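Data file: final_31.txt. Format and content: compact mmCIF, C-alpha atoms.
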# COMPACT_ATOMS: atom_id res chain seq x y z
CA MET A 1 121.66 169.05 104.75
CA SER A 2 124.89 167.19 104.16
CA GLY A 3 123.40 164.98 101.42
CA LYS A 4 123.69 161.80 103.46
CA GLU A 5 120.77 159.43 103.17
CA PRO A 6 119.91 156.69 105.62
CA ALA A 7 121.20 153.28 104.63
CA ALA A 8 118.67 150.88 103.13
CA THR A 9 120.06 147.84 104.92
CA PRO A 10 117.62 147.85 107.86
CA LYS A 11 114.68 147.32 105.50
CA ARG A 12 116.51 144.53 103.74
CA SER A 13 117.42 142.85 107.00
CA THR A 14 113.82 142.85 108.22
CA THR A 15 112.72 141.00 105.10
CA ARG A 16 115.53 138.50 105.60
CA ARG A 17 114.41 137.90 109.16
CA THR A 18 110.96 136.80 107.98
CA ALA A 19 112.35 133.88 105.98
CA ALA A 20 110.81 130.73 107.37
CA SER A 21 112.02 127.17 107.64
CA PRO A 22 110.29 124.57 105.48
CA GLY A 23 108.40 123.30 108.53
CA GLU A 24 107.19 126.81 109.38
CA ARG A 25 106.09 127.29 105.78
CA LEU A 26 104.13 124.00 105.92
CA ALA A 27 102.45 125.10 109.16
CA ALA A 28 101.56 128.49 107.66
CA ALA A 29 100.12 126.81 104.55
CA ALA A 30 98.03 124.52 106.76
CA GLN A 31 96.66 127.54 108.64
CA GLU A 32 95.82 129.26 105.34
CA LEU A 33 94.06 126.09 104.19
CA GLN A 34 92.02 126.00 107.41
CA ALA A 35 91.03 129.65 106.92
CA ALA A 36 89.98 128.97 103.31
CA LEU A 37 87.97 125.96 104.43
CA GLU A 38 86.21 128.04 107.07
CA ALA A 39 85.34 130.65 104.42
CA LEU A 40 83.97 127.88 102.22
CA LYS A 41 81.78 126.64 105.10
CA GLU A 42 80.46 130.15 105.67
CA ALA A 43 79.70 130.66 101.97
CA GLY A 44 76.53 128.57 102.31
CA LEU A 45 76.97 126.70 99.05
CA GLU A 46 74.57 124.11 97.75
CA PRO A 47 75.81 120.51 98.25
CA MET A 48 76.81 120.00 94.59
CA ASP A 49 78.61 123.35 94.46
CA LEU A 50 80.43 122.48 97.68
CA LEU A 51 81.53 119.12 96.23
CA ASP A 52 82.75 120.87 93.08
CA GLN A 53 84.76 123.36 95.15
CA LEU A 54 86.38 120.58 97.21
CA ARG A 55 87.25 118.11 94.43
CA ASP A 56 90.55 119.56 93.10
CA PRO A 57 91.92 120.77 96.44
CA LEU A 58 91.20 117.36 98.02
CA ALA A 59 93.06 115.58 95.23
CA ALA A 60 96.10 117.81 95.78
CA ILE A 61 95.89 117.40 99.56
CA ASP A 62 95.63 113.61 99.27
CA ASP A 63 98.73 113.51 97.06
CA THR A 64 100.61 115.85 99.39
CA ALA A 65 99.62 113.92 102.52
CA THR A 66 100.74 110.66 100.92
CA THR A 67 104.11 112.21 100.07
CA MET A 68 104.47 113.59 103.60
CA ARG A 69 103.72 110.16 105.11
CA GLU A 70 106.30 108.56 102.80
CA MET A 71 108.87 111.17 103.87
CA ARG A 72 108.05 110.50 107.53
CA LEU A 73 108.52 106.77 107.00
CA GLU A 74 111.87 107.38 105.31
CA GLY A 75 112.92 109.60 108.24
CA VAL A 76 111.94 106.99 110.81
CA VAL A 77 113.78 104.24 108.96
CA ALA A 78 116.85 106.47 108.55
CA ALA A 79 116.92 107.53 112.22
CA TYR A 80 116.18 104.13 113.76
CA PRO A 81 119.62 102.48 113.29
CA ASP A 82 121.32 105.40 115.13
CA ARG A 83 121.28 104.03 118.67
CA SER A 84 122.15 107.46 120.05
CA VAL A 85 118.58 108.49 119.15
CA PRO A 86 116.10 106.74 121.48
CA VAL A 87 112.90 105.31 120.01
CA TYR A 88 110.81 107.70 122.14
CA ARG A 89 112.55 110.69 120.49
CA ILE A 90 111.83 109.29 117.03
CA SER A 91 108.26 108.74 118.20
CA ASP A 92 107.89 112.31 119.47
CA ALA A 93 109.47 113.84 116.36
CA SER A 94 107.38 111.78 113.95
CA GLY A 95 104.09 111.87 115.83
CA LEU A 96 103.95 108.08 115.72
CA SER A 97 103.65 105.67 118.62
CA PRO A 98 106.84 103.86 119.66
CA ALA A 99 105.21 100.59 118.61
CA LEU A 100 104.61 101.94 115.11
CA VAL A 101 108.20 103.22 114.91
CA THR A 102 109.38 99.71 115.78
CA ARG A 103 106.99 98.16 113.26
CA TYR A 104 108.30 100.42 110.48
CA ALA A 105 111.86 99.43 111.42
CA LYS A 106 110.92 95.75 111.35
CA GLN A 107 109.24 96.12 107.95
CA ALA A 108 112.42 97.77 106.65
CA GLY A 109 114.43 94.78 107.85
CA LEU A 110 116.36 96.70 110.49
CA GLU A 111 117.75 95.07 113.63
CA LEU A 112 115.24 95.67 116.40
CA ARG A 113 116.26 97.30 119.67
CA ASN A 114 115.64 96.31 123.28
CA ARG A 115 113.85 93.11 122.47
CA ARG A 116 113.24 90.71 125.32
CA ALA A 117 113.90 87.07 124.76
CA SER A 118 110.76 85.04 124.18
CA SER A 119 109.99 82.51 126.87
Whole structure, structure tokens version:
Amino acid sequence: MSGKEPAATPKRSTTRRTAASPGERLAAAAQELQAALEALKEAGLEPMDLLDQLRDPLAAIDDTATTMREMRLEGVVAAYPDRSVPVYRISDASGLSPALVTRYAKQAGLELRNRRASS
């Protein structure tokens, strides 16, 4: 043997490739949460034990969901003034109806788009 060893970079590059975007990490965490919830259902706990098991995770989920909704609202309000981004694209990206996107913009005091004159 010549004493040459294979380079370790391929292993390092495969671990780099698995790095996920924040959105992918959120989706993976949601799937893990669903799996844990399914395991809890299958555990056959008594009602009081089930409530005890759900209390702390629900509090954390409620706080997280509230923060996510606030971030979504901030994103909608930030994207709305850019007229190169149509309302339907903001709607699709946010998961909100176009009417709700417009309502959020109105609540933020932004100039509304494509409004017909009242008769």
- Query: In terms of the shortest atom-to-atom distance over all atoms listed in the file, which of A:Leu96, A:Met68, A:Val77, A:Val87 is closest to A:Gly109?
  - Reply: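 With all atoms listed in the file as the atom set, the closest residue is A:Val77.
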- Query: At what distance in Å, to one decimal, does atom CA of A:Ser91 lie from atom CA of A:Ala28?
  - Reply: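 Pair atom CA of A:Ala28 / atom CA of A:Ser91 returns 23.4 Å.
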- Task: With a distance cut-off of 12 Å and all atoms listed in the file, select the neighbouring residues of A:Lys106, excluding the residue or stretch itself and same-chain residues fewer than 5 positions from it, and output the selection as number ranges by chain.
- Result: A: 76-77, 80-81, 99-101, 111-113, 115
- In Å, with one decimal, what is the gap from atom CA of A:Leu73 to atom CA of A:Leu33?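 These two atoms are separated by 24.3 Å.
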- Query: Which value, in Å to one decimal, gives the distance between atom CA of A:Leu40 and atom CA of A:Gln53?
  - Reply: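 Between these atoms lies a distance of 8.4 Å.
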- Query: Restricting the calculation to only C-alpha atoms, which member of A:Ala105, A:Ala65, A:Leu51, A:Ala36 is positioned closest to A:Ala79?
  - Reply: A:Ala105
- What lies within 12 Å of A:Leu37 using all atoms listed in the file, ignoring chain neighbours under 4 positions off, as number ranges by chain? A: 30-33, 41-44, 50, 53-54, 57-58
Since the input has fewer atoms than a full residue there, write stretch 21-46 of chain A out with N, CA and C atoms, as an mmCIF file, in the frame of the given file.
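Result file part_31.cif:
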data_model
loop_
_atom_site.group_PDB
_atom_site.id
_atom_site.type_symbol
_atom_site.label_atom_id
_atom_site.label_comp_id
_atom_site.auth_asym_id
_atom_site.auth_seq_id
_atom_site.Cartn_x
_atom_site.Cartn_y
_atom_site.Cartn_z
ATOM 1 N N SER A 21 111.529 128.520 107.928
ATOM 2 C CA SER A 21 112.020 127.170 107.640
ATOM 3 C C SER A 21 110.947 126.428 106.855
ATOM 4 N N PRO A 22 111.309 125.335 106.201
ATOM 5 C CA PRO A 22 110.290 124.570 105.480
ATOM 6 C C PRO A 22 109.145 124.101 106.378
ATOM 7 N N GLY A 23 109.459 123.719 107.613
ATOM 8 C CA GLY A 23 108.400 123.300 108.530
ATOM 9 C C GLY A 23 107.463 124.446 108.888
ATOM 10 N N GLU A 24 108.026 125.629 109.077
ATOM 11 C CA GLU A 24 107.190 126.810 109.380
ATOM 12 C C GLU A 24 106.328 127.165 108.174
ATOM 13 N N ARG A 25 106.876 127.009 106.979
ATOM 14 C CA ARG A 25 106.090 127.290 105.780
ATOM 15 C C ARG A 25 104.941 126.292 105.633
ATOM 16 N N LEU A 26 105.198 125.004 105.957
ATOM 17 C CA LEU A 26 104.130 124.000 105.920
ATOM 18 C C LEU A 26 103.033 124.336 106.923
ATOM 19 N N ALA A 27 103.432 124.740 108.126
ATOM 20 C CA ALA A 27 102.450 125.100 109.160
ATOM 21 C C ALA A 27 101.627 126.307 108.724
ATOM 22 N N ALA A 28 102.277 127.297 108.129
ATOM 23 C CA ALA A 28 101.560 128.490 107.660
ATOM 24 C C ALA A 28 100.588 128.121 106.538
ATOM 25 N N ALA A 29 101.009 127.237 105.638
ATOM 26 C CA ALA A 29 100.120 126.810 104.550
ATOM 27 C C ALA A 29 98.920 126.059 105.112
ATOM 28 N N ALA A 30 99.137 125.249 106.138
ATOM 29 C CA ALA A 30 98.030 124.520 106.760
ATOM 30 C C ALA A 30 97.041 125.498 107.402
ATOM 31 N N GLN A 31 97.555 126.543 108.034
ATOM 32 C CA GLN A 31 96.660 127.540 108.640
ATOM 33 C C GLN A 31 95.872 128.281 107.567
ATOM 34 N N GLU A 32 96.523 128.603 106.442
ATOM 35 C CA GLU A 32 95.820 129.260 105.340
ATOM 36 C C GLU A 32 94.726 128.342 104.781
ATOM 37 N N LEU A 33 95.039 127.065 104.683
ATOM 38 C CA LEU A 33 94.060 126.090 104.190
ATOM 39 C C LEU A 33 92.860 126.024 105.127
ATOM 40 N N GLN A 34 93.121 126.024 106.438
ATOM 41 C CA GLN A 34 92.020 126.000 107.410
ATOM 42 C C GLN A 34 91.159 127.249 107.291
ATOM 43 N N ALA A 35 91.783 128.399 107.078
ATOM 44 C CA ALA A 35 91.030 129.650 106.920
ATOM 45 C C ALA A 35 90.180 129.609 105.656
ATOM 46 N N ALA A 36 90.739 129.084 104.562
ATOM 47 C CA ALA A 36 89.980 128.970 103.310
ATOM 48 C C ALA A 36 88.815 128.006 103.462
ATOM 49 N N LEU A 37 89.025 126.931 104.192
ATOM 50 C CA LEU A 37 87.970 125.960 104.430
ATOM 51 C C LEU A 37 86.844 126.575 105.257
ATOM 52 N N GLU A 38 87.218 127.351 106.244
ATOM 53 C CA GLU A 38 86.210 128.040 107.070
ATOM 54 C C GLU A 38 85.397 129.008 106.223
ATOM 55 N N ALA A 39 86.047 129.726 105.320
ATOM 56 C CA ALA A 39 85.340 130.650 104.420
ATOM 57 C C ALA A 39 84.399 129.886 103.502
ATOM 58 N N LEU A 40 84.823 128.703 103.077
ATOM 59 C CA LEU A 40 83.970 127.880 102.220
ATOM 60 C C LEU A 40 82.740 127.412 102.995
ATOM 61 N N LYS A 41 82.920 127.038 104.266
ATOM 62 C CA LYS A 41 81.780 126.640 105.100
ATOM 63 C C LYS A 41 80.780 127.778 105.230
ATOM 64 N N GLU A 42 81.320 128.981 105.444
ATOM 65 C CA GLU A 42 80.460 130.150 105.670
ATOM 66 C C GLU A 42 79.803 130.658 104.402
ATOM 67 N N ALA A 43 80.256 130.197 103.231
ATOM 68 C CA ALA A 43 79.700 130.660 101.970
ATOM 69 C C ALA A 43 78.282 130.147 101.733
ATOM 70 N N GLY A 44 77.891 129.087 102.440
ATOM 71 C CA GLY A 44 76.530 128.570 102.310
ATOM 72 C C GLY A 44 76.223 127.994 100.944
ATOM 73 N N LEU A 45 77.156 127.269 100.384
ATOM 74 C CA LEU A 45 76.970 126.700 99.050
ATOM 75 C C LEU A 45 76.010 125.511 99.080
ATOM 76 N N GLU A 46 75.400 125.281 97.939
ATOM 77 C CA GLU A 46 74.570 124.110 97.750
ATOM 78 C C GLU A 46 75.487 122.878 97.779
#
